[in-house]
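Participant: So I've got this file, run-v7.txt, and it contains compact mmCIF, C-alpha atoms:
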# COMPACT_ATOMS: atom_id res chain seq x y z
CA MET A 1 -16.98 -34.26 17.96
CA ASN A 2 -19.98 -32.90 19.85
CA PRO A 3 -20.19 -29.27 21.10
CA LEU A 4 -19.24 -30.24 24.68
CA GLU A 5 -16.12 -32.09 23.51
CA ARG A 6 -15.18 -29.23 21.20
CA LYS A 7 -15.59 -26.70 24.03
CA SER A 8 -13.48 -28.86 26.35
CA LEU A 9 -10.76 -29.27 23.73
CA ILE A 10 -10.54 -25.55 22.98
CA GLY A 11 -10.48 -24.67 26.67
CA LEU A 12 -7.83 -27.23 27.65
CA ALA A 13 -5.66 -26.46 24.61
CA SER A 14 -5.80 -22.76 25.55
CA LEU A 15 -4.93 -23.52 29.17
CA TYR A 16 -1.99 -25.67 28.07
CA ALA A 17 -0.77 -22.99 25.67
CA PHE A 18 -0.97 -20.18 28.27
CA ARG A 19 1.25 -22.15 30.61
CA MET A 20 3.75 -23.11 27.90
CA ILE A 21 4.05 -19.54 26.62
CA GLY A 22 4.70 -18.36 30.18
CA LEU A 23 7.58 -20.84 30.40
CA PHE A 24 9.03 -20.57 26.90
CA MET A 25 9.09 -16.76 26.57
CA LEU A 26 12.14 -16.72 28.83
CA LEU A 27 14.19 -19.01 26.61
CA PRO A 28 15.42 -16.50 23.98
CA VAL A 29 16.00 -13.60 26.40
CA LEU A 30 16.97 -14.77 29.88
CA ALA A 31 20.69 -14.97 29.11
CA LEU A 32 20.59 -11.39 27.75
CA TYR A 33 18.81 -9.71 30.64
CA ALA A 34 20.09 -11.76 33.59
CA GLY A 35 23.15 -9.51 33.91
CA GLN A 36 20.88 -6.97 35.63
CA TYR A 37 20.35 -9.32 38.57
CA SER A 38 22.67 -9.43 41.57
CA GLY A 39 25.02 -12.40 41.64
CA SER A 40 24.55 -13.14 37.94
CA SER A 41 26.91 -15.57 36.20
CA ALA A 42 26.71 -17.80 33.14
CA PHE A 43 26.33 -20.84 35.40
CA LEU A 44 23.39 -19.33 37.30
CA VAL A 45 21.79 -18.27 34.01
CA GLY A 46 21.92 -21.90 32.90
CA LEU A 47 20.47 -23.01 36.23
CA ALA A 48 17.64 -20.47 35.93
CA LEU A 49 16.89 -21.66 32.41
CA GLY A 50 16.88 -25.35 33.27
CA VAL A 51 15.63 -25.62 36.85
CA TYR A 52 11.98 -25.67 35.80
CA GLY A 53 12.75 -28.98 34.06
CA LEU A 54 13.89 -30.53 37.34
CA THR A 55 10.71 -29.64 39.20
CA GLN A 56 8.54 -30.56 36.22
CA GLY A 57 10.21 -33.96 36.02
CA VAL A 58 9.81 -34.59 39.76
CA PHE A 59 6.16 -33.55 40.13
CA GLN A 60 4.42 -34.38 36.87
CA ILE A 61 3.64 -38.08 37.41
CA PRO A 62 2.85 -37.77 41.16
CA LEU A 63 0.38 -34.95 40.46
CA GLY A 64 -1.25 -37.11 37.81
CA PHE A 65 -1.76 -39.87 40.39
CA LEU A 66 -3.05 -37.30 42.91
CA SER A 67 -5.68 -36.18 40.42
CA ASP A 68 -7.08 -39.72 40.42
CA ARG A 69 -7.78 -39.32 44.14
CA ILE A 70 -8.95 -35.73 44.60
CA GLY A 71 -10.08 -34.80 41.09
CA ARG A 72 -8.51 -33.25 38.00
CA LYS A 73 -9.62 -29.66 38.46
CA PRO A 74 -8.30 -29.17 42.04
CA VAL A 75 -4.87 -30.46 40.97
CA ILE A 76 -4.81 -28.24 37.87
CA VAL A 77 -5.89 -25.17 39.86
CA GLY A 78 -3.23 -25.94 42.48
CA GLY A 79 -0.59 -26.34 39.79
CA MET A 80 -1.57 -23.09 38.09
CA LEU A 81 -1.49 -21.27 41.45
CA MET A 82 2.02 -22.60 42.01
CA PHE A 83 2.94 -21.35 38.53
CA LEU A 84 1.38 -17.97 39.42
CA ALA A 85 3.36 -17.76 42.68
CA GLY A 86 6.60 -18.59 40.89
CA SER A 87 5.92 -15.98 38.20
CA LEU A 88 5.20 -13.30 40.83
CA LEU A 89 8.35 -14.15 42.79
CA ALA A 90 10.48 -13.98 39.64
CA ALA A 91 8.79 -10.71 38.56
CA MET A 92 9.58 -8.96 41.86
CA THR A 93 13.07 -10.27 42.60
CA ASP A 94 16.34 -8.52 41.80
CA SER A 95 18.64 -11.46 42.55
CA MET A 96 19.59 -14.52 40.50
CA TRP A 97 18.65 -16.87 43.32
CA GLY A 98 15.19 -15.31 43.52
CA LEU A 99 14.88 -15.79 39.76
CA ILE A 100 15.95 -19.43 40.07
CA ALA A 101 13.45 -20.02 42.89
CA GLY A 102 10.67 -18.48 40.79
CA ARG A 103 11.49 -20.68 37.82
CA ALA A 104 11.57 -23.76 40.05
CA MET A 105 8.11 -22.88 41.39
CA GLN A 106 6.82 -22.39 37.85
CA GLY A 107 7.96 -25.89 36.96
CA ALA A 108 6.53 -27.40 40.16
CA GLY A 109 3.05 -26.60 38.88
CA ALA A 110 3.43 -29.64 36.65
CA VAL A 111 -0.09 -30.28 35.40
CA ALA A 112 0.49 -31.37 31.79
CA SER A 113 -0.37 -35.02 32.47
CA THR A 114 -3.43 -34.01 34.53
CA ILE A 115 -4.70 -31.80 31.69
CA MET A 116 -4.44 -34.76 29.33
CA ALA A 117 -6.25 -36.97 31.86
CA LEU A 118 -9.06 -34.39 32.15
CA LEU A 119 -9.31 -34.31 28.38
CA SER A 120 -9.72 -38.10 28.46
CA ASP A 121 -12.56 -37.72 30.96
CA LEU A 122 -14.36 -35.25 28.70
CA THR A 123 -14.03 -36.95 25.31
CA THR A 124 -15.35 -40.16 23.83
CA GLU A 125 -13.07 -43.01 22.79
CA GLN A 126 -13.62 -42.18 19.12
CA ASN A 127 -12.39 -38.58 19.49
CA ARG A 128 -9.84 -38.99 22.29
CA THR A 129 -6.74 -39.60 20.18
CA LYS A 130 -7.45 -36.60 17.92
CA ALA A 131 -8.14 -34.39 20.93
CA MET A 132 -4.91 -35.37 22.69
CA ALA A 133 -2.93 -34.81 19.50
CA ALA A 134 -4.47 -31.33 19.17
CA VAL A 135 -3.53 -30.38 22.74
CA GLY A 136 -0.05 -31.83 22.26
CA GLY A 137 0.31 -29.80 19.07
CA SER A 138 -0.24 -26.63 21.08
CA ILE A 139 3.27 -27.13 22.50
CA GLY A 140 4.91 -26.52 19.14
CA ILE A 141 2.70 -23.50 18.45
CA SER A 142 3.44 -22.11 21.91
CA PHE A 143 7.17 -22.55 21.39
CA ALA A 144 7.10 -20.69 18.08
CA ILE A 145 5.00 -17.84 19.49
CA SER A 146 7.24 -17.56 22.54
CA MET A 147 10.47 -17.37 20.52
CA ILE A 148 9.06 -14.34 18.71
CA LEU A 149 7.14 -12.66 21.53
CA GLY A 150 9.89 -13.08 24.12
CA PRO A 151 12.43 -10.71 22.51
CA VAL A 152 9.75 -8.18 21.52
CA LEU A 153 8.13 -7.96 24.96
CA ALA A 154 11.39 -8.10 26.89
CA ASN A 155 12.68 -5.18 24.83
CA GLN A 156 9.65 -3.18 26.02
CA TRP A 157 9.27 -4.29 29.62
CA GLY A 158 12.39 -6.24 30.56
CA LEU A 159 12.61 -9.71 32.04
CA SER A 160 10.31 -8.88 34.94
CA GLY A 161 7.64 -7.84 32.44
CA LEU A 162 7.65 -11.34 30.95
CA PHE A 163 7.02 -12.83 34.39
CA TRP A 164 4.13 -10.42 34.98
CA ILE A 165 2.67 -11.55 31.65
CA ALA A 166 3.16 -15.20 32.68
CA ALA A 167 1.32 -14.46 35.94
CA ALA A 168 -1.57 -12.87 34.02
CA LEU A 169 -1.73 -15.87 31.66
CA SER A 170 -1.95 -18.24 34.61
CA VAL A 171 -4.89 -16.24 36.05
CA ILE A 172 -6.65 -16.35 32.67
CA GLY A 173 -5.96 -20.09 32.49
CA ILE A 174 -7.55 -20.69 35.90
CA ALA A 175 -10.58 -18.64 34.85
CA VAL A 176 -10.95 -20.68 31.65
CA LEU A 177 -10.73 -23.91 33.66
CA ILE A 178 -13.35 -22.86 36.20
CA LEU A 179 -15.78 -21.03 33.93
CA PHE A 180 -15.66 -22.84 30.62
CA ILE A 181 -14.42 -26.41 31.10
CA PRO A 182 -17.01 -28.89 32.41
CA THR A 183 -16.36 -30.96 35.52
CA PRO A 184 -16.54 -34.67 34.59
CA SER A 185 -18.90 -36.79 36.65
CA THR A 186 -16.51 -39.75 36.58
CA HIS A 187 -12.85 -40.42 35.79
CA VAL A 188 -12.28 -42.43 32.64
CA HIS A 189 -9.35 -44.77 33.00
CA ASN A 190 -7.32 -44.40 29.83
CA ALA A 191 -3.97 -46.17 29.85
CA GLU A 192 -3.18 -44.44 26.55
CA ALA A 193 -3.17 -41.07 28.36
CA GLU A 194 -2.36 -41.87 32.01
CA ALA A 195 0.55 -43.60 33.72
CA VAL A 196 -0.06 -47.08 35.16
CA PRO A 197 2.23 -47.74 38.16
CA ASN A 198 2.62 -51.48 37.65
CA MET A 199 3.94 -50.94 34.10
CA PHE A 200 6.90 -48.75 35.06
CA GLY A 201 9.32 -51.63 35.56
CA GLN A 202 8.49 -53.25 32.23
CA LEU A 203 8.81 -50.01 30.26
CA LEU A 204 12.01 -48.91 31.98
CA ARG A 205 13.60 -52.15 30.77
CA ASP A 206 12.37 -51.80 27.18
CA GLY A 207 15.39 -51.20 24.94
CA GLU A 208 13.52 -49.35 22.20
CA LEU A 209 11.85 -46.99 24.67
CA LEU A 210 15.16 -46.43 26.47
CA ARG A 211 16.68 -45.26 23.19
CA LEU A 212 13.82 -42.81 22.70
CA ASN A 213 14.00 -41.56 26.29
CA LEU A 214 17.73 -40.98 25.86
CA GLY A 215 16.96 -39.14 22.64
CA ILE A 216 14.42 -36.71 24.07
CA GLY A 217 16.77 -36.06 26.99
CA VAL A 218 19.66 -35.22 24.65
CA LEU A 219 17.38 -33.12 22.42
CA HIS A 220 16.28 -30.88 25.28
CA PHE A 221 19.76 -30.88 26.79
CA ALA A 222 21.01 -29.43 23.49
CA GLN A 223 18.14 -26.94 23.29
CA MET A 224 18.60 -25.57 26.80
CA ALA A 225 22.41 -25.55 26.69
CA SER A 226 22.40 -23.78 23.33
CA TRP A 227 20.12 -21.02 24.58
CA VAL A 228 22.57 -20.20 27.33
CA ALA A 229 24.82 -19.08 24.48
CA VAL A 230 22.75 -18.14 21.41
CA PRO A 231 21.17 -14.83 22.59
CA VAL A 232 24.44 -13.58 24.08
CA LEU A 233 26.45 -14.37 20.94
CA LEU A 234 23.86 -12.77 18.67
CA GLU A 235 24.28 -9.52 20.58
CA GLN A 236 27.89 -9.49 21.73
CA SER A 237 29.79 -11.35 18.98
CA LEU A 238 27.57 -10.84 15.93
CA HIS A 239 26.31 -7.37 16.95
CA PHE A 240 22.62 -7.92 16.30
CA PRO A 241 20.61 -5.55 18.52
CA ARG A 242 18.46 -7.53 20.93
CA SER A 243 15.40 -5.72 19.57
CA ASP A 244 16.03 -7.50 16.23
CA HIS A 245 16.42 -11.03 17.59
CA TRP A 246 12.77 -11.87 17.04
CA MET A 247 13.19 -11.39 13.28
CA ILE A 248 16.10 -13.84 13.23
CA TYR A 249 14.13 -16.45 15.16
CA LEU A 250 11.03 -15.89 13.01
CA GLY A 251 12.97 -16.33 9.78
CA ALA A 252 14.94 -19.38 10.94
CA MET A 253 11.96 -21.12 12.54
CA GLY A 254 9.50 -20.29 9.77
CA LEU A 255 11.77 -21.55 7.01
CA SER A 256 12.73 -24.65 8.99
CA PHE A 257 9.06 -25.50 9.55
CA LEU A 258 8.30 -25.32 5.83
CA CYS A 259 11.36 -27.44 5.01
CA MET A 260 10.55 -30.17 7.54
CA LEU A 261 6.93 -30.76 6.45
CA PRO A 262 7.80 -32.98 3.45
CA PHE A 263 9.91 -35.19 5.71
CA ILE A 264 7.09 -35.65 8.24
CA ILE A 265 4.76 -36.63 5.39
CA LEU A 266 7.42 -39.01 4.04
CA ALA A 267 7.93 -40.60 7.47
CA GLU A 268 4.26 -41.29 8.14
CA THR A 269 2.74 -41.94 4.72
CA ARG A 270 5.65 -43.79 3.11
CA ARG A 271 6.64 -45.52 6.35
CA LYS A 272 10.16 -44.11 6.34
CA MET A 273 10.13 -43.23 10.02
CA LYS A 274 13.56 -44.62 10.91
CA PRO A 275 15.58 -43.03 8.06
CA VAL A 276 13.83 -39.68 8.57
CA PHE A 277 14.48 -39.90 12.31
CA ILE A 278 18.17 -40.74 11.83
CA ALA A 279 18.54 -37.91 9.32
CA ALA A 280 16.92 -35.46 11.77
CA VAL A 281 19.42 -36.40 14.51
CA LEU A 282 22.25 -35.84 12.03
CA VAL A 283 20.79 -32.47 10.98
CA LEU A 284 20.53 -31.41 14.62
CA GLY A 285 24.21 -32.25 15.17
CA ILE A 286 25.22 -30.33 12.04
CA GLY A 287 23.26 -27.35 13.35
CA GLU A 288 25.27 -27.39 16.58
CA LEU A 289 28.55 -27.62 14.63
CA LEU A 290 27.54 -24.65 12.47
CA LEU A 291 26.64 -22.61 15.56
CA GLY A 292 29.96 -23.46 17.20
CA SER A 293 31.99 -22.56 14.11
CA GLY A 294 29.99 -19.44 13.27
CA ILE A 295 30.34 -17.35 16.43
CA THR A 296 32.17 -14.65 14.47
CA HIS A 297 30.42 -15.20 11.11
CA ARG A 298 26.88 -13.85 10.95
CA TRP A 299 25.49 -15.89 8.10
CA VAL A 300 27.09 -19.14 9.20
CA PHE A 301 25.53 -18.67 12.64
CA ILE A 302 22.09 -17.79 11.26
CA PHE A 303 22.25 -20.76 8.90
CA GLY A 304 23.20 -22.88 11.90
CA LEU A 305 20.05 -21.66 13.68
CA PHE A 306 17.94 -22.67 10.69
CA VAL A 307 19.54 -26.13 10.56
CA PHE A 308 19.18 -26.55 14.34
CA PHE A 309 15.48 -25.58 14.28
CA MET A 310 14.83 -27.91 11.35
CA GLY A 311 16.35 -30.88 13.19
CA PHE A 312 14.76 -29.90 16.50
CA ASN A 313 11.24 -29.42 15.13
CA LEU A 314 11.41 -32.62 13.09
CA LEU A 315 12.50 -34.61 16.14
CA GLU A 316 9.87 -32.97 18.37
CA ALA A 317 7.27 -34.15 15.86
CA THR A 318 8.57 -37.69 15.31
CA LEU A 319 9.73 -38.75 18.78
CA PRO A 320 6.23 -38.89 20.38
CA SER A 321 5.01 -40.88 17.37
CA LEU A 322 7.88 -43.34 17.81
CA VAL A 323 7.09 -43.71 21.52
CA SER A 324 3.45 -44.41 20.69
CA LYS A 325 4.45 -47.03 18.12
CA SER A 326 7.00 -48.68 20.44
CA ALA A 327 4.89 -48.75 23.62
CA PRO A 328 3.09 -52.02 24.38
CA ALA A 329 -0.68 -52.21 24.33
CA GLY A 330 -2.14 -50.15 27.16
CA GLY A 331 1.27 -48.66 27.92
CA ARG A 332 1.25 -45.44 25.94
CA GLY A 333 0.33 -43.22 28.90
CA THR A 334 3.04 -44.75 31.08
CA ALA A 335 5.60 -44.60 28.29
CA MET A 336 4.78 -40.94 27.62
CA GLY A 337 5.07 -40.15 31.34
CA ILE A 338 8.59 -41.61 31.46
CA TYR A 339 9.42 -39.91 28.15
CA SER A 340 8.26 -36.50 29.44
CA THR A 341 10.25 -36.92 32.65
CA SER A 342 13.35 -37.68 30.54
CA GLN A 343 12.63 -34.54 28.50
CA PHE A 344 12.40 -32.29 31.56
CA LEU A 345 15.49 -33.76 33.21
CA GLY A 346 17.38 -33.28 29.93
CA ALA A 347 16.36 -29.61 29.94
CA PHE A 348 17.55 -29.22 33.52
CA LEU A 349 20.92 -30.88 32.87
CA GLY A 350 21.32 -28.90 29.63
CA GLY A 351 20.78 -25.57 31.37
CA VAL A 352 23.08 -26.35 34.30
CA THR A 353 25.83 -27.96 32.23
CA GLY A 354 25.63 -25.35 29.49
CA GLY A 355 25.90 -22.58 32.07
CA TYR A 356 28.88 -24.25 33.73
CA ILE A 357 30.71 -24.80 30.41
CA ALA A 358 30.03 -21.22 29.30
CA HIS A 359 31.24 -19.88 32.66
CA GLN A 360 34.42 -21.98 32.76
CA TYR A 361 35.43 -22.31 29.10
CA GLY A 362 33.36 -19.94 26.95
CA TYR A 363 30.20 -20.01 24.89
CA GLU A 364 31.69 -21.74 21.84
CA GLU A 365 32.40 -24.91 23.83
CA VAL A 366 28.71 -25.23 24.72
CA PHE A 367 27.94 -26.07 21.10
CA TRP A 368 30.80 -28.58 20.86
CA LEU A 369 29.51 -30.35 23.96
CA ALA A 370 25.99 -30.52 22.53
CA ALA A 371 27.32 -31.79 19.19
CA GLY A 372 29.30 -34.52 20.97
CA LEU A 373 26.22 -35.74 22.85
CA ILE A 374 24.16 -35.71 19.65
CA LEU A 375 26.85 -37.85 17.98
CA LEU A 376 26.51 -40.42 20.76
CA TRP A 377 22.73 -40.29 20.34
CA LEU A 378 23.15 -40.86 16.60
CA ILE A 379 25.20 -44.00 17.24
CA VAL A 380 22.54 -45.33 19.63
CA ALA A 381 19.71 -44.37 17.27
CA LEU A 382 21.28 -46.33 14.41
CA THR A 383 20.69 -49.53 16.40
CA MET A 384 16.94 -48.98 16.82
CA LYS A 385 14.51 -51.34 15.16
CA THR A 386 12.37 -50.14 12.30
CA PRO A 387 9.09 -49.30 14.05
CA ARG A 388 5.90 -51.06 13.13
CA HIS A 389 3.00 -48.79 12.21
CA LEU A 390 0.68 -50.05 14.92
CA LYS A 391 -2.47 -48.50 16.38
CA SER A 392 -4.32 -49.11 19.62
CA LEU A 393 -7.73 -50.74 19.78
CA VAL A 394 -9.63 -50.61 23.09
CA VAL A 395 -12.36 -53.13 23.86
CA SER A 396 -14.61 -52.98 26.94
CA LEU A 397 -15.23 -56.23 28.77
CA GLN A 398 -18.84 -57.12 29.39
CA PRO A 399 -20.03 -58.28 32.85
CA GLY A 400 -18.72 -61.78 33.54
CA GLU A 401 -16.60 -61.84 30.38
CA HIS A 402 -13.05 -63.21 30.63
CA ILE A 403 -10.53 -63.39 27.82
CA VAL A 404 -6.98 -64.70 27.44
CA ALA A 405 -4.31 -62.77 25.53
CA SER A 406 -2.90 -65.90 23.89
CA ASP A 407 -6.23 -66.45 22.13
CA PHE A 408 -5.56 -63.36 20.00
CA VAL A 409 -1.80 -62.92 19.42
CA GLY A 410 -0.79 -65.05 16.45
CA LYS A 411 -4.37 -66.14 15.83
CA VAL A 412 -6.03 -62.88 14.81
CA PRO A 413 -4.28 -61.30 11.80
CA GLY A 414 -2.67 -57.98 12.67
CA VAL A 415 -2.82 -58.35 16.49
CA PHE A 416 0.68 -58.06 17.97
CA ASP A 417 0.11 -57.35 21.65
CA VAL A 418 -2.71 -57.57 24.21
CA VAL A 419 -2.96 -56.11 27.72
CA ILE A 420 -5.95 -56.90 29.91
CA ILE A 421 -6.84 -54.56 32.79
CA PRO A 422 -9.62 -56.41 34.62
CA GLU A 423 -10.13 -53.83 37.37
CA HIS A 424 -11.20 -51.32 34.71
CA ARG A 425 -12.84 -53.93 32.47
CA LEU A 426 -10.71 -52.87 29.48
CA VAL A 427 -8.56 -54.72 26.96
CA TYR A 428 -5.90 -52.91 24.91
CA PHE A 429 -4.87 -54.43 21.57
CA LYS A 430 -1.89 -53.26 19.50
CA ILE A 431 -2.86 -53.84 15.87
CA ASP A 432 -1.57 -53.29 12.34
CA ARG A 433 -4.60 -51.90 10.51
CA ASP A 434 -3.27 -53.11 7.15
CA LEU A 435 -3.36 -56.71 8.39
CA PHE A 436 -6.15 -56.60 10.95
CA ASN A 437 -9.40 -58.43 10.32
CA ASN A 438 -12.10 -57.95 12.92
CA GLU A 439 -14.08 -61.08 12.01
CA PRO A 440 -11.67 -63.58 13.69
CA MET A 441 -11.55 -61.35 16.78
CA GLU A 442 -15.33 -61.15 16.95
CA ALA A 443 -15.48 -64.93 16.56
CA ILE A 444 -13.19 -65.40 19.58
CA LEU A 445 -15.08 -62.79 21.61
CA GLY A 446 -18.40 -64.24 20.57
CA ARG A 447 -19.82 -60.79 19.93
CA PRO A 448 -19.32 -57.72 17.72
CA LEU A 449 -16.60 -55.24 18.63
CA ASP A 450 -17.65 -52.10 20.55
Is it possible to express this structure as structure tokens?

Facilitator:
Amino acid sequence: MNPLERKSLIGLASLYAFRMIGLFMLLPVLALYAGQYSGSSAFLVGLALGVYGLTQGVFQIPLGFLSDRIGRKPVIVGGMLMFLAGSLLAAMTDSMWGLIAGRAMQGAGAVASTIMALLSDLTTEQNRTKAMAAVGGSIGISFAISMILGPVLANQWGLSGLFWIAAALSVIGIAVLILFIPTPSTHVHNAEAEAVPNMFGQLLRDGELLRLNLGIGVLHFAQMASWVAVPVLLEQSLHFPRSDHWMIYLGAMGLSFLCMLPFIILAETRRKMKPVFIAAVLVLGIGELLLGSGITHRWVFIFGLFVFFMGFNLLEATLPSLVSKSAPAGGRGTAMGIYSTSQFLGAFLGGVTGGYIAHQYGYEEVFWLAAGLILLWLIVALTMKTPRHLKSLVVSLQPGEHIVASDFVGKVPGVFDVVIIPEHRLVYFKIDRDLFNNEPMEAILGRPLD
């Protein structure tokens, strides 16, 4: 990776992380501090937690398409300014509806897909996959940092203080974008990072991808619904001072991360992706059951948090990999766009439904609801096919060159799918590297591979 690519990667990963921390810091504390706002109720707390997911889900793909027309940087700056405006509104309001409006505006600055597209513009084909994985990995790091920082900072400055910090982070992010990240001279079409409109219908009908989209929706439903209840129960039922919550989250998350690493290695290196995935869904459900049964038992509840985080983190790591493996050639960007929209809508429904259940029936029932949905997910997940360990190979068409997909599938060892995008002069192959032999492909092409 050359210095320009490295600089772009560091800058965009930092920008992504600033935005995620501004969103995630609210998760472990909003339910605790929302009682200070006029009109507060458990239902409105859930709405405030989840509403950003609705606006994220609605605007993310359209803003990605807009960036193709007017440029990446203007869209990202506009999204970050919307995030800034939402943070300022939430910081200055004293009503729940003002808080909800601020969170909705934060989510409307949905620039995640545009950041990934800009990264594609600024990196070479050889380094693009690694760069996108690094930026995507910043989500998990941001989540962990936020779960610890949120309780500490809110204890010092209250909920409004977190929104002021989010506003400051958005300003820093805009400065990083303008001052340190180069402006690409051209847009690089990369169907592995960007959504392709004419592939939506095909991917929405794909059974394997539908299972995964359902899964990420349920996962973030459970996360958002649970955090309507977890902070309140830690303080009110288990009598942990809110100033100590960060230590509980740090211990549970840190231990769960260490425990999940062997399973990620097992899934990828030993090709045990499906059994590890199924086990992670089961672990997540057990975590919800432990939380629901431990609302008056400290150590049962804390153990439930550890089990929940282990299942959650393992699924957050494996689901994108499964989507990548299941998506057709040239369809990864579109598949990930649909997957991300399902994730955000799951977070919205989890917050709203969790708040309603807590308001009407009590906090314990929130965990039973989440456990029930995870059980349904487990049943669906059991029917998934064992994923092939396929990689993408991109070949540029030369002037006047025309190829036919049927010349490769079944005739070149290890080639399972081909998508040709003539308007961008690109061909996407889905290959099994253990079986692939480039000599037959080069013979059909009549030239060496790029």

Participant: Given the choices A:Ile172, A:Val58, A:Ala371, A:Met224, which gets closest to Ser14 of chain A if the distance is worked out from only C-alpha atoms?

Facilitator: A:Ile172

Participant: Which residue out of A:Trp299, A:Phe180, A:Phe277, A:Tyr249 has the minimum interatomic distance to Ala381 of chain A when all atoms listed in the file are used?

Facilitator: A:Phe277

Participant: Mind giving me the straight-line distance from atom CA of Leu390 of chain A to atom CA of Asp434 of chain A in Å, one decimal?

Facilitator: 9.2 Å

Participant: Of the residues A:Ile174, A:Leu315, A:Ile278, A:Ile248, which is the one nearest to Ile264 of chain A, using all atoms listed in the file?

Facilitator: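 Ranking A:Ile174, A:Leu315, A:Ile278, A:Ile248 by distance to Ile264 of chain A, first place goes to A:Leu315.
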
Participant: Mind giving me the straight-line distance from atom CA of Gly201 of chain A to atom CA of Val404 of chain A in Å, one decimal?

Facilitator: 22.4 Å

Participant: Which residues come within 9 Å of Leu290 of chain A, counting only C-alpha atoms, excluding same-chain residues fewer than 6 positions away, as an mmCIF file with C-alpha atoms, in the coordinates of the input?

Facilitator:
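Final output, saved to result.cif:
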data_model
loop_
_atom_site.group_PDB
_atom_site.id
_atom_site.type_symbol
_atom_site.label_atom_id
_atom_site.label_comp_id
_atom_site.auth_asym_id
_atom_site.auth_seq_id
_atom_site.Cartn_x
_atom_site.Cartn_y
_atom_site.Cartn_z
ATOM 1 C CA VAL A 300 27.090 -19.140 9.200
ATOM 2 C CA PHE A 301 25.530 -18.670 12.640
ATOM 3 C CA ILE A 302 22.090 -17.790 11.260
ATOM 4 C CA PHE A 303 22.250 -20.760 8.900
ATOM 5 C CA GLY A 304 23.200 -22.880 11.900
ATOM 6 C CA LEU A 305 20.050 -21.660 13.680
ATOM 7 C CA VAL A 307 19.540 -26.130 10.560
ATOM 8 C CA PHE A 308 19.180 -26.550 14.340
ATOM 9 C CA PHE A 367 27.940 -26.070 21.100
#

Participant: Could I get segment 292-302 of chain A rebuilt with N, CA, C and O atoms, written as a compact mmCIF listing (two decimals), in the coordinates of the input?

Facilitator:
# COMPACT_ATOMS: atom_id res chain seq x y z
N GLY A 292 28.66 -23.56 16.54
CA GLY A 292 29.96 -23.46 17.20
C GLY A 292 31.03 -22.85 16.32
O GLY A 292 31.92 -22.13 16.82
N SER A 293 30.96 -23.09 15.02
CA SER A 293 31.99 -22.56 14.11
C SER A 293 31.63 -21.18 13.57
O SER A 293 32.46 -20.56 12.89
N GLY A 294 30.43 -20.70 13.86
CA GLY A 294 29.99 -19.44 13.27
C GLY A 294 29.86 -18.30 14.26
O GLY A 294 29.15 -17.33 13.98
N ILE A 295 30.55 -18.38 15.40
CA ILE A 295 30.34 -17.35 16.43
C ILE A 295 30.90 -15.99 16.03
O ILE A 295 30.60 -14.99 16.69
N THR A 296 31.70 -15.95 14.98
CA THR A 296 32.17 -14.65 14.47
C THR A 296 31.74 -14.43 13.01
O THR A 296 32.21 -13.50 12.37
N HIS A 297 30.87 -15.31 12.50
CA HIS A 297 30.42 -15.20 11.11
C HIS A 297 28.90 -15.18 11.10
O HIS A 297 28.25 -16.21 11.32
N ARG A 298 28.33 -14.04 10.83
CA ARG A 298 26.88 -13.85 10.95
C ARG A 298 26.07 -14.89 10.20
O ARG A 298 25.18 -15.52 10.76
N TRP A 299 26.37 -15.06 8.92
CA TRP A 299 25.49 -15.89 8.10
C TRP A 299 25.69 -17.37 8.38
O TRP A 299 24.74 -18.16 8.23
N VAL A 300 26.88 -17.75 8.78
CA VAL A 300 27.09 -19.14 9.20
C VAL A 300 26.26 -19.43 10.45
O VAL A 300 25.62 -20.48 10.57
N PHE A 301 26.27 -18.49 11.39
CA PHE A 301 25.53 -18.67 12.64
C PHE A 301 24.03 -18.72 12.38
O PHE A 301 23.32 -19.58 12.92
N ILE A 302 23.52 -17.81 11.56
CA ILE A 302 22.09 -17.79 11.26
C ILE A 302 21.68 -19.06 10.51
O ILE A 302 20.63 -19.65 10.78
